[in-house]
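Have a look at run_3.cif below; it lists mmCIF, C-alpha atoms.
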data_query
loop_
_atom_site.label_atom_id
_atom_site.label_comp_id
_atom_site.auth_asym_id
_atom_site.auth_seq_id
_atom_site.Cartn_x
_atom_site.Cartn_y
_atom_site.Cartn_z
CA MET A 116 -16.43 6.52 -48.05
CA ARG A 117 -14.37 3.32 -47.78
CA TRP A 118 -11.29 5.15 -49.05
CA CYS A 119 -11.77 8.00 -46.58
CA LEU A 120 -11.96 5.47 -43.76
CA ALA A 121 -8.80 3.80 -45.05
CA VAL A 122 -6.96 7.14 -44.98
CA VAL A 123 -8.22 7.93 -41.46
CA ALA A 124 -7.27 4.42 -40.27
CA GLY A 125 -3.80 4.83 -41.76
CA ALA A 126 -3.37 8.24 -40.13
CA LEU A 127 -4.42 6.91 -36.72
CA LEU A 128 -2.23 3.84 -37.00
CA GLY A 129 0.65 5.97 -38.28
CA ALA A 130 0.36 8.17 -35.18
CA CYS A 131 0.45 5.23 -32.75
CA PRO A 132 4.23 4.70 -32.53
CA PHE A 133 4.74 8.42 -31.94
CA LEU A 134 2.37 8.39 -28.98
CA SER A 135 4.04 5.38 -27.32
CA TYR A 136 6.52 2.85 -28.65
CA GLY A 137 4.36 0.23 -27.00
CA LEU A 138 1.72 0.98 -29.62
CA LEU A 139 3.98 -0.55 -32.28
CA HIS A 140 2.20 -3.77 -31.32
CA MET A 141 -1.02 -2.31 -32.66
CA GLY A 142 0.33 -2.53 -36.20
CA VAL A 143 0.32 -6.30 -35.91
CA VAL A 144 -3.17 -6.36 -34.41
CA ALA A 145 -4.47 -3.98 -37.09
CA LEU A 146 -3.40 -6.43 -39.80
CA VAL A 147 -5.99 -8.92 -38.53
CA VAL A 148 -8.85 -6.84 -39.94
CA PRO A 149 -7.86 -7.00 -43.62
CA TRP A 150 -6.74 -10.61 -43.24
CA VAL A 151 -10.16 -11.66 -41.93
CA ALA A 152 -12.17 -9.33 -44.20
CA ARG A 153 -9.97 -10.07 -47.24
CA ARG A 154 -10.09 -6.45 -48.34
CA TRP A 155 -6.59 -5.65 -49.44
CA ALA A 156 -7.09 -2.48 -51.50
CA PRO A 157 -8.09 -0.29 -48.52
CA THR A 158 -5.28 -1.91 -46.55
CA VAL A 159 -2.74 -0.81 -49.13
CA VAL A 160 -4.11 2.75 -48.93
CA ALA A 161 -3.98 2.71 -45.11
CA GLY A 162 -0.47 1.24 -45.21
CA ALA A 163 0.69 3.99 -47.57
CA VAL A 164 -0.67 6.61 -45.17
CA VAL A 165 1.21 4.92 -42.29
CA VAL A 166 4.44 5.10 -44.29
CA LEU A 167 3.74 8.74 -45.16
CA ALA A 168 3.18 9.52 -41.46
CA VAL A 169 6.55 7.99 -40.54
CA ILE A 170 8.24 9.90 -43.38
CA ALA A 171 6.53 13.15 -42.32
CA TRP A 172 7.79 12.75 -38.75
CA GLY A 173 11.25 12.01 -40.15
CA ALA A 174 11.14 15.12 -42.32
CA ALA A 175 10.17 17.11 -39.23
CA GLY A 176 13.33 15.86 -37.52
CA PHE A 177 12.17 12.81 -35.59
CA TRP A 178 13.21 9.45 -36.98
CA LEU A 179 11.24 6.62 -35.34
CA TRP A 180 14.08 4.09 -35.24
CA ASP A 181 16.48 6.62 -33.69
CA GLY A 182 13.88 7.32 -31.01
CA ILE A 183 13.48 3.62 -30.29
CA GLU A 184 17.26 3.19 -30.05
CA ALA A 185 17.57 6.21 -27.72
CA THR A 186 14.80 4.77 -25.55
CA ARG A 187 16.57 1.40 -25.45
CA GLU A 188 19.82 3.10 -24.40
CA GLN A 189 18.06 5.04 -21.61
CA TRP A 190 16.34 1.84 -20.50
CA ALA A 191 19.69 -0.01 -20.41
CA ALA A 192 21.41 2.86 -18.56
CA GLY A 193 18.65 2.92 -15.94
CA SER A 194 17.12 0.06 -14.03
CA GLY A 195 16.08 -1.89 -17.14
CA THR A 196 19.03 -4.27 -17.32
CA GLY A 197 18.82 -4.99 -13.60
CA ARG A 198 15.39 -6.49 -14.02
CA PRO A 199 15.57 -10.30 -14.17
CA TYR A 200 14.38 -11.53 -17.57
CA LEU A 201 12.66 -14.76 -16.48
CA TYR A 202 10.87 -13.12 -13.57
CA PHE A 203 9.44 -10.39 -15.76
CA LEU A 204 8.66 -12.80 -18.58
CA ALA A 205 6.30 -14.60 -16.19
CA ALA A 206 5.15 -11.45 -14.37
CA ASP A 207 4.29 -9.63 -17.58
CA VAL A 208 2.12 -12.51 -18.79
CA VAL A 209 0.40 -12.68 -15.39
CA LEU A 210 -0.20 -8.94 -15.53
CA LEU A 211 -1.89 -9.32 -18.91
CA GLY A 212 -4.23 -11.79 -17.21
CA VAL A 213 -4.90 -9.24 -14.47
CA LEU A 214 -5.57 -6.55 -17.07
CA VAL A 215 -8.22 -8.62 -18.86
CA GLY A 216 -9.65 -9.94 -15.59
CA PRO A 217 -10.90 -13.38 -14.71
CA ALA A 218 -13.50 -13.45 -17.50
CA GLY A 219 -10.96 -12.47 -20.17
CA ALA A 220 -8.38 -14.93 -18.87
CA GLY A 221 -11.02 -17.64 -18.53
CA GLY A 222 -12.19 -16.96 -22.06
CA LEU A 223 -8.70 -17.64 -23.38
CA THR A 224 -9.14 -21.26 -22.32
CA ARG A 225 -12.16 -21.49 -24.64
CA VAL A 226 -11.02 -19.21 -27.45
CA ALA A 227 -11.78 -21.92 -30.02
CA ARG A 228 -15.50 -21.24 -29.41
CA LEU A 229 -15.22 -17.72 -30.84
CA ASP A 230 -16.05 -17.03 -34.45
CA ARG A 231 -13.09 -16.76 -36.82
CA PRO A 232 -12.67 -12.94 -36.81
CA ALA A 233 -12.87 -12.61 -33.02
CA ARG A 234 -10.61 -15.61 -32.47
CA ALA A 235 -8.01 -14.20 -34.88
CA LEU A 236 -8.07 -10.79 -33.20
CA VAL A 237 -7.69 -12.25 -29.70
CA LEU A 238 -4.93 -14.69 -30.67
CA VAL A 239 -2.91 -12.09 -32.58
CA ALA A 240 -3.19 -9.65 -29.65
CA VAL A 241 -1.99 -12.36 -27.24
CA GLY A 242 0.78 -13.37 -29.65
CA SER A 243 1.90 -9.77 -30.04
CA ALA A 244 2.03 -9.35 -26.26
CA LEU A 245 4.01 -12.58 -25.87
CA LEU A 246 6.50 -11.51 -28.53
CA GLY A 247 6.93 -8.24 -26.67
CA ALA A 248 7.55 -10.15 -23.43
CA LEU A 249 10.03 -12.51 -25.11
CA SER A 250 11.95 -9.53 -26.53
CA GLY A 251 12.88 -8.56 -22.96
CA PHE A 252 12.66 -4.88 -23.85
CA GLU A 253 9.40 -4.35 -22.00
CA ARG A 254 10.39 -5.84 -18.65
CA GLY A 255 8.09 -4.39 -16.04
CA GLU A 256 6.62 -1.83 -18.43
CA VAL A 257 3.48 -3.67 -19.44
CA GLU A 258 1.08 -1.60 -17.38
CA ARG A 259 1.23 1.10 -20.06
CA ILE A 260 2.49 -0.81 -23.07
CA TRP A 261 0.06 -3.71 -22.96
CA LEU A 262 -3.06 -1.83 -21.91
CA PRO A 263 -4.05 -1.15 -25.55
CA LEU A 264 -3.48 -4.84 -26.33
CA ALA A 265 -5.59 -5.93 -23.37
CA CYS A 266 -8.58 -4.25 -25.03
CA TRP A 267 -8.23 -6.75 -27.89
CA VAL A 268 -7.72 -9.75 -25.59
CA ALA A 269 -10.76 -8.99 -23.41
CA PRO A 270 -13.27 -10.12 -26.09
CA ALA A 271 -12.12 -13.66 -25.30
CA ALA A 272 -14.65 -13.45 -22.47
CA ALA A 273 -17.38 -13.92 -25.09
CA ALA A 274 -16.21 -17.54 -25.39
CA LEU A 275 -17.57 -18.15 -21.90
CA VAL A 276 -21.16 -17.68 -23.05
CA ASP A 277 -23.01 -20.97 -22.95
CA PRO A 278 -26.52 -20.53 -24.36
CA GLY A 279 -27.86 -23.27 -22.11
CA ARG A 280 -26.43 -21.81 -18.90
CA ALA A 281 -27.07 -18.09 -18.54
CA THR A 282 -26.24 -18.18 -14.82
CA ALA A 283 -22.63 -19.21 -15.50
CA TRP A 284 -22.10 -15.96 -17.40
CA ARG A 285 -23.45 -13.98 -14.47
CA TRP A 286 -20.84 -15.53 -12.15
CA TRP A 287 -18.06 -14.53 -14.53
CA LEU A 288 -19.43 -10.98 -14.51
CA VAL A 289 -19.48 -10.98 -10.70
CA ALA A 290 -15.88 -12.27 -10.66
CA GLN A 291 -14.85 -9.52 -13.10
CA GLY A 292 -16.45 -6.82 -10.95
CA ALA A 293 -15.03 -8.25 -7.72
CA ALA A 294 -11.52 -8.42 -9.18
CA THR A 295 -11.81 -4.79 -10.27
CA LEU A 296 -12.92 -3.69 -6.81
CA VAL A 297 -10.11 -5.63 -5.12
CA LEU A 298 -7.48 -4.16 -7.45
CA ALA A 299 -8.83 -0.63 -7.06
CA THR A 300 -8.85 -1.00 -3.27
CA VAL A 301 -5.55 -2.80 -2.70
CA LEU A 302 -3.18 -1.30 -5.26
CA ARG A 303 -1.52 2.03 -4.65
CA SER A 304 0.06 3.77 -7.60
CA PRO A 305 2.36 6.79 -7.67
CA TRP A 306 0.66 7.89 -10.88
#

Can I see the file as structure tokens?
Amino acid sequence: MRWCLAVVAGALLGACPFLSYGLLHMGVVALVVPWVARRWAPTVVAGAVVVLAVIAWGAAGFWLWDGIEATREQWAAGSGTGRPYLYFLAADVVLLGVLVGPAGAGGLTRVARLDRPARALVLVAVGSALLGALSGFERGEVERIWLPLACWVAPAAAALVDPGRATAWRWWLVAQGAATLVLATVLRSPW
């Protein structure tokens, strides 16, 4: 069963970059699981399936790196290069905070309270997002690229739990819900 799961995990991870180039980040986040669990044999199997998926797409006529380069060229030919780097470096990080909400962002200030696996997952997801922001390639594109990463940053909210103060957690939950309602009411999207 473990080997079947490794093959399925590899197939899913191998499909990620072909769904969205932003999902390339998920490869880094996925490496946290074997690092924390210290189970390398299934990881090698999953990694081999990822490589086979990339090769299969290449054999079918779509080479991942050519697609990334073509996307970069289209981005540079469009409005991408006109976007100020420093503005979007800050704005993208702020948007990640908006995506995870006040409880997720607040939990990042107490991430050391999390157990080792959860802390590693959250920190690698944040680090992967920051590397993406520093690359400058994702300027203003984080609403779709970072959304999958935000799912792995949100567990930081668990660090806010204080066993002696159950009411504090309730206020964070209220803040999370209120922020969601405000965003859903105020923001208008063409999508």

Exercise for review: Name all residues at most 12 Å from Ala294 of chain A (count all atoms listed in the file; drop same-chain ones fewer than 5 positions away) and give them as a list of chain:residue names.
Suggested key: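 Using all atoms listed in the file, the neighbours found are A:Gly212, A:Val213, A:Leu214, A:Val215, A:Gly216, A:Pro217, A:Ala218, A:Gly219, A:Trp287, A:Leu288, A:Val289, A:Ala299, A:Thr300, A:Val301, A:Leu302.
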
Revision key, fill the gap. The residue from A:Pro199, A:Gly182, A:Gly222, A:Gly292 with the smallest atom-to-atom distance to Leu134 of chain A, counting all atoms listed in the file, is A:Gly182

Check your understanding: Got a sec to resolve the PyMOL selection byres ((chain A and resi 168-174) around 9) on this structure and send the residues as a count of residues only?
Key -> 16

Exercise for review: May I ask for the distance between atom CA of Val239 of chain A and atom CA of Val147 of chain A, given in Å to one decimal place?
Suggested key: 7.4 Å

Check your understanding: What is the distance, in Å and to one decimal place, between atom CA of Ala145 of chain A and atom CA of Met116 of chain A?
Key ->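 Those two atoms sit 19.3 Å apart.
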
Review point. Hey, can you pull every residue with an atom no more than 10 Å from (14.1, -11.9, -20.7), using only C-alpha atoms, and send it as a PyMOL selection string?
Key: chain A and resi 196+198-205+248-254
